[in-house]
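Chemist: This is protein-v3.cif, which holds mmCIF, C-alpha atoms and all ligand atoms:
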data_input
loop_
_atom_site.label_atom_id
_atom_site.label_comp_id
_atom_site.auth_asym_id
_atom_site.auth_seq_id
_atom_site.Cartn_x
_atom_site.Cartn_y
_atom_site.Cartn_z
CA MET W 1 67.64 84.84 77.07
CA ARG W 2 68.72 85.35 80.64
CA VAL W 3 69.12 88.90 81.93
CA LYS W 4 70.87 89.83 85.15
CA ILE W 5 70.81 93.32 86.58
CA LEU W 6 74.10 93.57 88.45
CA GLY W 7 73.80 97.29 89.14
CA SER W 8 70.90 99.71 88.83
CA ALA W 9 72.10 103.18 89.94
CA ALA W 10 73.29 106.06 87.78
CA GLY W 11 76.90 107.24 87.85
CA GLY W 12 78.16 107.63 91.42
CA GLY W 13 75.97 104.82 92.75
CA PHE W 14 73.69 105.02 95.78
CA PRO W 15 74.88 106.33 98.16
CA GLN W 16 77.38 108.47 96.27
CA TRP W 17 80.72 109.00 98.04
CA ASN W 18 80.53 112.80 98.13
CA CYS W 19 76.77 113.28 98.45
CA ALA W 20 74.83 114.37 101.53
CA CYS W 21 71.40 114.60 99.90
CA GLY W 22 68.43 113.37 101.93
CA ASN W 23 68.48 109.97 100.22
CA CYS W 24 72.22 109.36 100.71
CA ARG W 25 72.21 110.57 104.34
CA GLY W 26 69.14 108.52 105.14
CA LEU W 27 70.63 105.37 103.63
CA ARG W 28 73.89 105.77 105.56
CA SER W 29 72.10 106.35 108.85
CA GLY W 30 69.82 103.35 108.39
CA THR W 31 66.62 105.40 108.43
CA PHE W 32 65.91 105.13 104.68
CA ARG W 33 63.27 102.71 103.40
CA GLY W 34 65.00 101.64 100.21
CA LYS W 35 68.06 99.85 98.89
CA ALA W 36 71.67 100.72 98.16
CA ARG W 37 72.58 100.30 94.52
CA SER W 38 75.78 99.96 92.53
CA GLN W 39 76.31 101.62 89.16
CA THR W 40 74.21 100.30 86.29
CA GLN W 41 75.38 97.01 84.84
CA VAL W 42 73.40 94.43 82.88
CA ALA W 43 74.60 90.98 81.77
CA ILE W 44 72.84 88.77 79.21
CA SER W 45 73.17 85.19 78.07
CA ALA W 46 71.41 82.97 75.55
CA THR W 47 71.74 79.95 77.81
CA SER W 48 68.96 78.75 80.06
CA LYS W 49 69.18 78.34 83.80
CA ASN W 50 71.45 75.59 85.19
CA ASP W 51 73.36 75.66 81.93
CA ALA W 52 76.81 77.22 82.04
CA GLY W 53 77.41 79.46 79.09
CA SER W 54 78.77 82.69 77.78
CA TRP W 55 77.69 86.05 79.15
CA TYR W 56 77.82 89.46 77.52
CA LEU W 57 77.98 92.72 79.42
CA LEU W 58 76.01 95.78 78.36
CA GLY W 59 78.61 98.40 79.22
CA ALA W 60 81.26 97.84 81.89
CA SER W 61 80.63 99.70 85.14
CA PRO W 62 83.25 100.95 87.61
CA ASP W 63 81.66 98.53 90.15
CA LEU W 64 82.17 95.54 87.88
CA ARG W 65 84.64 93.63 90.05
CA ALA W 66 82.23 93.49 93.01
CA GLN W 67 79.29 92.85 90.69
CA ILE W 68 81.04 89.82 89.18
CA GLU W 69 81.89 88.44 92.61
CA ALA W 70 78.23 88.82 93.65
CA THR W 71 77.10 86.77 90.62
CA PRO W 72 78.01 83.03 90.64
CA GLU W 73 77.22 82.63 86.92
CA LEU W 74 80.07 85.02 86.14
CA HIS W 75 82.69 83.20 88.21
CA PRO W 76 85.45 81.26 86.45
CA GLN W 77 84.94 77.49 86.44
CA PRO W 78 88.37 75.87 86.35
CA GLY W 79 88.81 72.58 84.58
CA LYS W 80 85.84 72.87 82.23
CA GLU W 81 87.75 74.46 79.40
CA LYS W 82 91.22 74.15 78.04
CA GLU W 83 92.07 77.66 79.18
CA GLY W 84 93.12 76.46 82.62
CA ILE W 85 92.50 78.44 85.78
CA ARG W 86 92.49 81.87 84.16
CA GLN W 87 89.22 82.09 82.26
CA SER W 88 85.77 83.62 82.50
CA PRO W 89 82.19 83.02 81.35
CA ILE W 90 82.25 86.69 80.27
CA ALA W 91 82.80 86.55 76.52
CA GLY W 92 82.31 90.18 75.61
CA ALA W 93 80.82 93.59 76.18
CA VAL W 94 78.65 95.91 74.10
CA LEU W 95 79.21 99.63 74.65
CA ALA W 96 76.32 102.08 74.40
CA ASN W 97 78.39 105.22 75.05
CA ALA W 98 81.81 106.36 76.25
CA ASP W 99 80.70 107.67 79.67
CA ILE W 100 83.17 106.86 82.44
CA ASP W 101 80.50 105.04 84.45
CA HIS W 102 79.77 102.89 81.37
CA VAL W 103 83.31 101.96 80.22
CA LEU W 104 85.65 102.16 83.22
CA GLY W 105 84.95 98.53 84.08
CA LEU W 106 86.70 97.42 80.90
CA LEU W 107 89.97 98.30 82.61
CA LEU W 108 89.03 95.88 85.41
CA LEU W 109 88.85 93.08 82.82
CA ARG W 110 92.42 93.56 81.68
CA GLU W 111 94.11 90.45 83.15
CA LEU W 112 95.12 89.17 79.70
CA GLN W 113 91.61 87.72 79.28
CA PRO W 114 90.27 87.24 75.72
CA LEU W 115 87.24 89.45 75.28
CA ARG W 116 85.22 90.80 72.38
CA VAL W 117 84.28 94.46 72.75
CA TYR W 118 81.54 95.81 70.51
CA ALA W 119 81.55 99.57 69.96
CA THR W 120 80.84 102.18 67.32
CA ASP W 121 83.94 103.49 65.53
CA SER W 122 83.56 106.80 67.35
CA ILE W 123 83.54 105.24 70.82
CA ARG W 124 86.42 102.89 69.94
CA ARG W 125 88.52 105.84 68.75
CA ILE W 126 87.87 107.75 71.99
CA LEU W 127 88.94 104.79 74.12
CA CYS W 128 91.69 103.18 72.07
CA GLU W 129 93.27 106.16 70.29
CA ASP W 130 92.93 108.91 72.91
CA ASN W 131 93.18 107.03 76.22
CA SER W 132 96.36 104.99 76.38
CA MET W 133 95.26 103.07 79.50
CA PHE W 134 92.92 101.03 77.33
CA GLY W 135 96.03 99.68 75.62
CA MET W 136 96.23 97.35 78.63
CA LEU W 137 93.40 95.39 77.01
CA GLN W 138 95.62 94.71 73.99
CA ARG W 139 98.96 93.72 75.45
CA VAL W 140 98.98 90.29 73.84
CA PRO W 141 97.49 88.94 70.58
CA GLY W 142 93.97 87.59 71.06
CA GLN W 143 93.23 89.65 74.17
CA ALA W 144 90.58 92.31 73.38
CA THR W 145 89.02 92.04 69.93
CA TRP W 146 87.29 95.31 69.09
CA THR W 147 84.36 94.83 66.75
CA SER W 148 82.64 97.82 65.18
CA PHE W 149 78.93 98.19 64.63
CA GLU W 150 76.71 100.89 63.20
CA PRO W 151 73.44 102.12 64.70
CA GLY W 152 70.45 100.52 62.98
CA ILE W 153 72.27 97.44 61.71
CA ALA W 154 71.81 94.20 63.66
CA PHE W 155 74.88 92.15 64.50
CA PRO W 156 75.40 88.77 66.21
CA LEU W 157 77.14 88.59 69.57
CA GLU W 158 80.12 86.27 69.22
CA ASN W 159 82.73 85.10 71.67
CA PRO W 160 86.41 86.01 71.10
CA GLY W 161 86.80 82.81 69.06
CA GLY W 162 83.98 83.80 66.71
CA GLU W 163 81.31 81.40 67.99
CA ASN W 164 77.77 82.74 67.75
CA SER W 165 76.05 83.17 71.12
CA GLY W 166 72.52 83.05 69.74
CA LEU W 167 72.02 86.70 70.69
CA ARG W 168 71.66 89.54 68.21
CA CYS W 169 71.99 93.20 68.99
CA ARG W 170 70.87 96.39 67.24
CA ALA W 171 71.70 99.89 68.42
CA LEU W 172 69.41 102.90 68.28
CA SER W 173 70.99 106.32 68.00
CA LEU W 174 69.58 108.36 70.89
CA GLY W 175 71.93 111.14 72.00
CA THR W 176 74.48 113.34 70.26
CA HIS W 177 76.63 114.41 73.22
CA TYR W 178 80.03 112.88 73.91
CA PRO W 179 81.44 112.90 77.46
CA ALA W 180 83.14 116.11 78.63
CA TYR W 181 86.56 114.38 78.69
CA VAL W 182 86.50 114.05 74.89
CA SER W 183 88.34 117.06 73.44
CA PRO W 184 86.43 119.46 71.16
CA ARG W 185 88.87 118.66 68.36
CA ARG W 186 88.23 114.92 68.65
CA GLN W 187 84.47 115.51 68.95
CA SER W 188 84.56 117.38 65.62
CA GLU W 189 85.93 114.22 63.98
CA LEU W 190 83.29 111.87 65.38
CA ARG W 191 79.79 110.97 64.17
CA PHE W 192 77.11 112.51 66.37
CA GLY W 193 74.80 109.54 65.83
CA GLU W 194 77.31 107.24 67.54
CA ALA W 195 77.54 109.17 70.82
CA SER W 196 74.80 107.62 72.93
CA LEU W 197 72.86 104.50 72.05
CA GLY W 198 70.03 102.33 73.18
CA LEU W 199 70.47 98.59 72.62
CA ILE W 200 67.88 96.09 71.41
CA VAL W 201 68.95 92.52 72.12
CA GLU W 202 67.14 89.55 70.63
CA ALA W 203 67.57 85.88 71.33
CA LYS W 204 67.49 84.22 67.93
CA MET W 205 69.85 82.12 65.92
CA VAL W 206 68.78 83.16 62.42
CA GLU W 207 67.41 86.35 60.92
CA SER W 208 64.01 84.83 60.02
CA SER W 209 63.06 83.58 63.48
CA SER W 210 61.49 85.91 65.98
CA GLY W 211 62.97 85.84 69.44
CA LYS W 212 62.31 87.51 72.74
CA ARG W 213 63.50 91.08 72.86
CA LEU W 214 65.18 93.21 75.51
CA ALA W 215 65.39 97.00 75.19
CA TYR W 216 68.24 98.55 77.20
CA MET W 217 67.82 102.34 77.33
CA PRO W 218 69.92 103.89 80.14
CA ALA W 219 70.10 107.41 78.66
CA VAL W 220 67.14 108.67 76.65
CA PRO W 221 67.10 112.41 75.86
CA GLN W 222 63.69 112.41 74.16
CA ILE W 223 60.85 110.05 73.29
CA ASP W 224 59.46 110.10 69.75
CA ASN W 225 56.98 107.85 67.94
CA ALA W 226 59.67 105.67 66.35
CA LEU W 227 61.07 104.97 69.80
CA LEU W 228 57.60 104.17 71.16
CA GLN W 229 57.19 101.55 68.43
CA GLU W 230 60.53 99.97 69.31
CA PHE W 231 59.50 99.81 72.97
CA GLU W 232 56.11 98.28 72.17
CA SER W 233 57.83 95.43 70.34
CA ALA W 234 60.11 94.69 73.31
CA ASP W 235 59.31 92.07 75.94
CA VAL W 236 61.26 93.85 78.66
CA LEU W 237 62.08 97.56 78.67
CA LEU W 238 64.93 98.75 80.89
CA PHE W 239 64.45 102.50 80.79
CA ASP W 240 66.27 105.64 81.93
CA GLY W 241 65.13 106.35 85.51
CA THR W 242 67.96 108.79 86.25
CA PHE W 243 65.99 111.80 87.44
CA TRP W 244 62.51 112.27 88.78
CA SER W 245 62.27 115.94 87.71
CA ASP W 246 64.08 118.09 85.18
CA ASP W 247 65.51 120.53 87.79
CA GLU W 248 66.31 117.84 90.40
CA LEU W 249 70.08 118.40 90.63
CA ILE W 250 69.78 122.19 90.54
CA ARG W 251 67.25 122.14 93.42
CA ILE W 252 69.28 119.74 95.55
CA GLN W 253 72.81 121.08 94.99
CA GLY W 254 72.02 124.69 94.09
CA SER W 255 73.60 124.57 90.63
CA GLY W 256 74.24 122.27 87.70
CA GLN W 257 72.41 121.13 84.59
CA THR W 258 68.84 120.05 84.03
CA ALA W 259 68.05 116.39 83.40
CA LEU W 260 67.30 117.13 79.74
CA GLN W 261 70.58 119.01 79.32
CA MET W 262 72.32 115.90 80.63
CA GLY W 263 70.52 113.71 78.10
CA HIS W 264 67.90 112.18 80.41
CA VAL W 265 64.16 112.62 80.04
CA PRO W 266 62.82 112.89 83.63
CA VAL W 267 60.34 110.37 85.03
CA SER W 268 57.71 112.93 86.09
CA SER W 269 55.93 115.84 84.33
CA ALA W 270 53.73 115.87 81.21
CA GLU W 271 56.73 115.25 78.93
CA GLY W 272 58.31 112.74 81.33
CA SER W 273 58.60 109.01 80.74
CA LEU W 274 55.84 108.00 83.15
CA SER W 275 53.36 109.98 81.07
CA ARG W 276 54.88 109.47 77.60
CA LEU W 277 55.20 105.69 78.01
CA ALA W 278 51.84 105.19 79.73
CA GLY W 279 50.32 103.75 76.53
CA LEU W 280 52.80 100.86 76.19
CA ARG W 281 50.90 97.57 76.43
CA HIS W 282 53.36 94.80 75.68
CA PRO W 283 56.66 95.21 77.56
CA ARG W 284 57.41 94.69 81.21
CA LYS W 285 58.59 98.18 82.19
CA ILE W 286 61.54 98.61 84.56
CA TYR W 287 63.36 101.79 85.49
CA LEU W 288 67.13 101.53 85.92
CA HIS W 289 70.12 103.92 85.99
CA ILE W 290 68.53 105.72 88.94
CA ASN W 291 70.39 108.71 90.38
CA ASN W 292 70.89 108.84 94.16
CA THR W 293 68.85 112.07 94.32
CA ASN W 294 65.75 110.49 92.75
CA PRO W 295 62.88 110.49 95.30
CA MET W 296 61.39 107.29 93.82
CA LEU W 297 64.22 105.38 95.56
CA ASN W 298 62.34 106.02 98.80
CA GLU W 299 59.88 103.12 99.13
CA ALA W 300 57.93 105.03 101.78
CA GLY W 301 57.42 108.05 99.52
CA PRO W 302 54.62 109.11 97.16
CA GLU W 303 56.87 108.99 94.06
CA TYR W 304 57.64 105.30 94.61
CA ALA W 305 53.92 104.59 95.02
CA GLN W 306 53.07 106.56 91.89
CA VAL W 307 55.57 104.63 89.76
CA ARG W 308 54.44 101.24 91.05
CA GLU W 309 50.76 102.10 90.58
CA ALA W 310 51.53 103.03 86.98
CA GLY W 311 52.76 99.48 86.42
CA TRP W 312 56.48 100.19 86.50
CA GLU W 313 59.12 98.37 88.51
CA ILE W 314 62.29 99.98 89.88
CA ALA W 315 65.34 97.80 89.25
CA GLU W 316 67.43 96.56 92.15
CA ASP W 317 70.91 95.04 92.12
CA GLY W 318 70.77 91.27 91.80
CA TRP W 319 67.51 91.05 89.87
CA GLU W 320 67.35 88.34 87.27
CA PHE W 321 64.81 87.19 84.75
CA GLU W 322 64.40 84.94 81.76
CA LEU W 323 62.66 85.94 78.56
ZN ZN K 1 72.82 111.72 97.25
#
Go through the file and emit its structure as structure tokens.

Modeler:
Amino acid sequence: MRVKILGSAAGGGFPQWNCACGNCRGLRSGTFRGKARSQTQVAISATSKNDAGSWYLLGASPDLRAQIEATPELHPQPGKEKEGIRQSPIAGAVLANADIDHVLGLLLLRELQPLRVYATDSIRRILCEDNSMFGMLQRVPGQATWTSFEPGIAFPLENPGGENSGLRCRALSLGTHYPAYVSPRRQSELRFGEASLGLIVEAKMVESSSGKRLAYMPAVPQIDNALLQEFESADVLLFDGTFWSDDELIRIQGSGQTALQMGHVPVSSAEGSLSRLAGLRHPRKIYLHINNTNPMLNEAGPEYAQVREAGWEIAEDGWEFEL
């Protein structure tokens, strides 16, 4: 399986358009030792390097257009297929939640392109039944094919024509909060377990074979033993690095919610991910979905050093690996 990290920041990106925190100001003025980042976006493919094939997006970020242009593997290759000049190696997307910074990019993929979109029934209803703009993905027959899945049940990733990609996905139910734009009445009709998911992706053609495993966990509200076991069986763990401390936003902007209230376990503190995941032996551990306020973005700072010394990496846009 090939994995490309097209974007690694939390919602708003880094720098964020309306933010004058120390990180954002420093980055704009050129005095910051660290990198700009676009909003979190991961793409996966079962094909090996130098082999053109289908790609699947985990979520669809608001920065998707620029992220696609920055990634040659995702460019259309005219003449190779019968589709003509309008075609794409992007075969589908798997949605982990209905957050705007996770689904807005779907609207950027609307140019009558066939696409398979995997979502829980609850997330599909929010997008397709309550938000008429998403109807632009279904203007013609065979454009977006919405395919439902349930947390806990593995499903194959298939292209719009139904061909198996060789990748299988299984969702873990992590959070129970729907985005604030979902009306209370609609929320009362939805299943809480379908609100916010982690995704386990495996490269294997049949159920009996064991393939390499990627864990994609951009929003983790708490870490329990079952989750620790899932992580230990992963080869690469992409984990929620949104906030360094629980009160980070409140300290920096004077008001707001804690990290935990927003559904993100912080990196630091006794109950934070750095400490709770310290015992993991098997997976390569990478933080992504990093908020612009997070001090570990500063490569000259003690937080960055602490994370790296603990064996973690901090994802950057453009990273790629094979597993
Ligand atoms: Zn900022």

Chemist: If the limit is 8 Å from any atom of ligand ZN 1 (chain K), counting all atoms listed in the file, which residues qualify? Return them as a list of chain:residue names.

Modeler: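 Every residue with an atom at most 8 Å from ligand ZN 1 (chain K) is listed here: W:Phe14, W:Pro15, W:Gln16, W:Asn18, W:Cys19, W:Ala20, W:Cys21, W:Gly22, W:Asn23, W:Cys24, W:Arg25, W:Asn291, W:Asn292, W:Thr293.
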
Chemist: Could you state the separation of CA of Val42 in chain W and CA of Phe239 in chain W in Å, given to one decimal place?

Modeler: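 Atom-to-atom, CA of Val42 in chain W to CA of Phe239 in chain W, that is 12.2 Å.
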
Chemist: Using all atoms listed in the file, which of the listed residues (W:Asp99, W:Asp246, W:Glu194, W:Asp235) sits closest to Val182 in chain W?

Modeler: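 Nearest candidate to Val182 in chain W out of W:Asp99, W:Asp246, W:Glu194, W:Asp235: W:Asp99.
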
Chemist: Hey, can you pull every residue with an atom no more than 7 Å from (63.6, 96.6, 78.1), using only C-alpha atoms, and send it as an MDAnalysis selection string?

Modeler: chainID W and resid 214:216 234:239 285

Chemist: Using all atoms listed in the file, can you list as a compact mmCIF listing (two decimals) with C-alpha atoms, in the frame of the given file the residues within 12 Å of (89.0, 106.7, 66.9)?

Modeler:
# COMPACT_ATOMS: atom_id res chain seq x y z
CA ALA W 98 81.81 106.36 76.25
CA ALA W 119 81.55 99.57 69.96
CA THR W 120 80.84 102.18 67.32
CA ASP W 121 83.94 103.49 65.53
CA SER W 122 83.56 106.80 67.35
CA ILE W 123 83.54 105.24 70.82
CA ARG W 124 86.42 102.89 69.94
CA ARG W 125 88.52 105.84 68.75
CA ILE W 126 87.87 107.75 71.99
CA LEU W 127 88.94 104.79 74.12
CA CYS W 128 91.69 103.18 72.07
CA GLU W 129 93.27 106.16 70.29
CA ASP W 130 92.93 108.91 72.91
CA ASN W 131 93.18 107.03 76.22
CA TRP W 146 87.29 95.31 69.09
CA SER W 148 82.64 97.82 65.18
CA VAL W 182 86.50 114.05 74.89
CA ARG W 186 88.23 114.92 68.65
CA GLN W 187 84.47 115.51 68.95
CA SER W 188 84.56 117.38 65.62
CA GLU W 189 85.93 114.22 63.98
CA LEU W 190 83.29 111.87 65.38
CA ARG W 191 79.79 110.97 64.17
CA GLU W 194 77.31 107.24 67.54

Chemist: Can you work out which one of W:Gly92, W:Pro72, W:Gly279, W:Gly59 has the shortest atom-to-atom distance to Asn164 in chain W, counting only C-alpha atoms?

Modeler: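 Distance minimum relative to Asn164 in chain W lands on W:Gly92.
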
Chemist: Between CA of Arg185 in chain W and CA of Ala219 in chain W, what is the spacing in Å?

Modeler: 24.2 Å
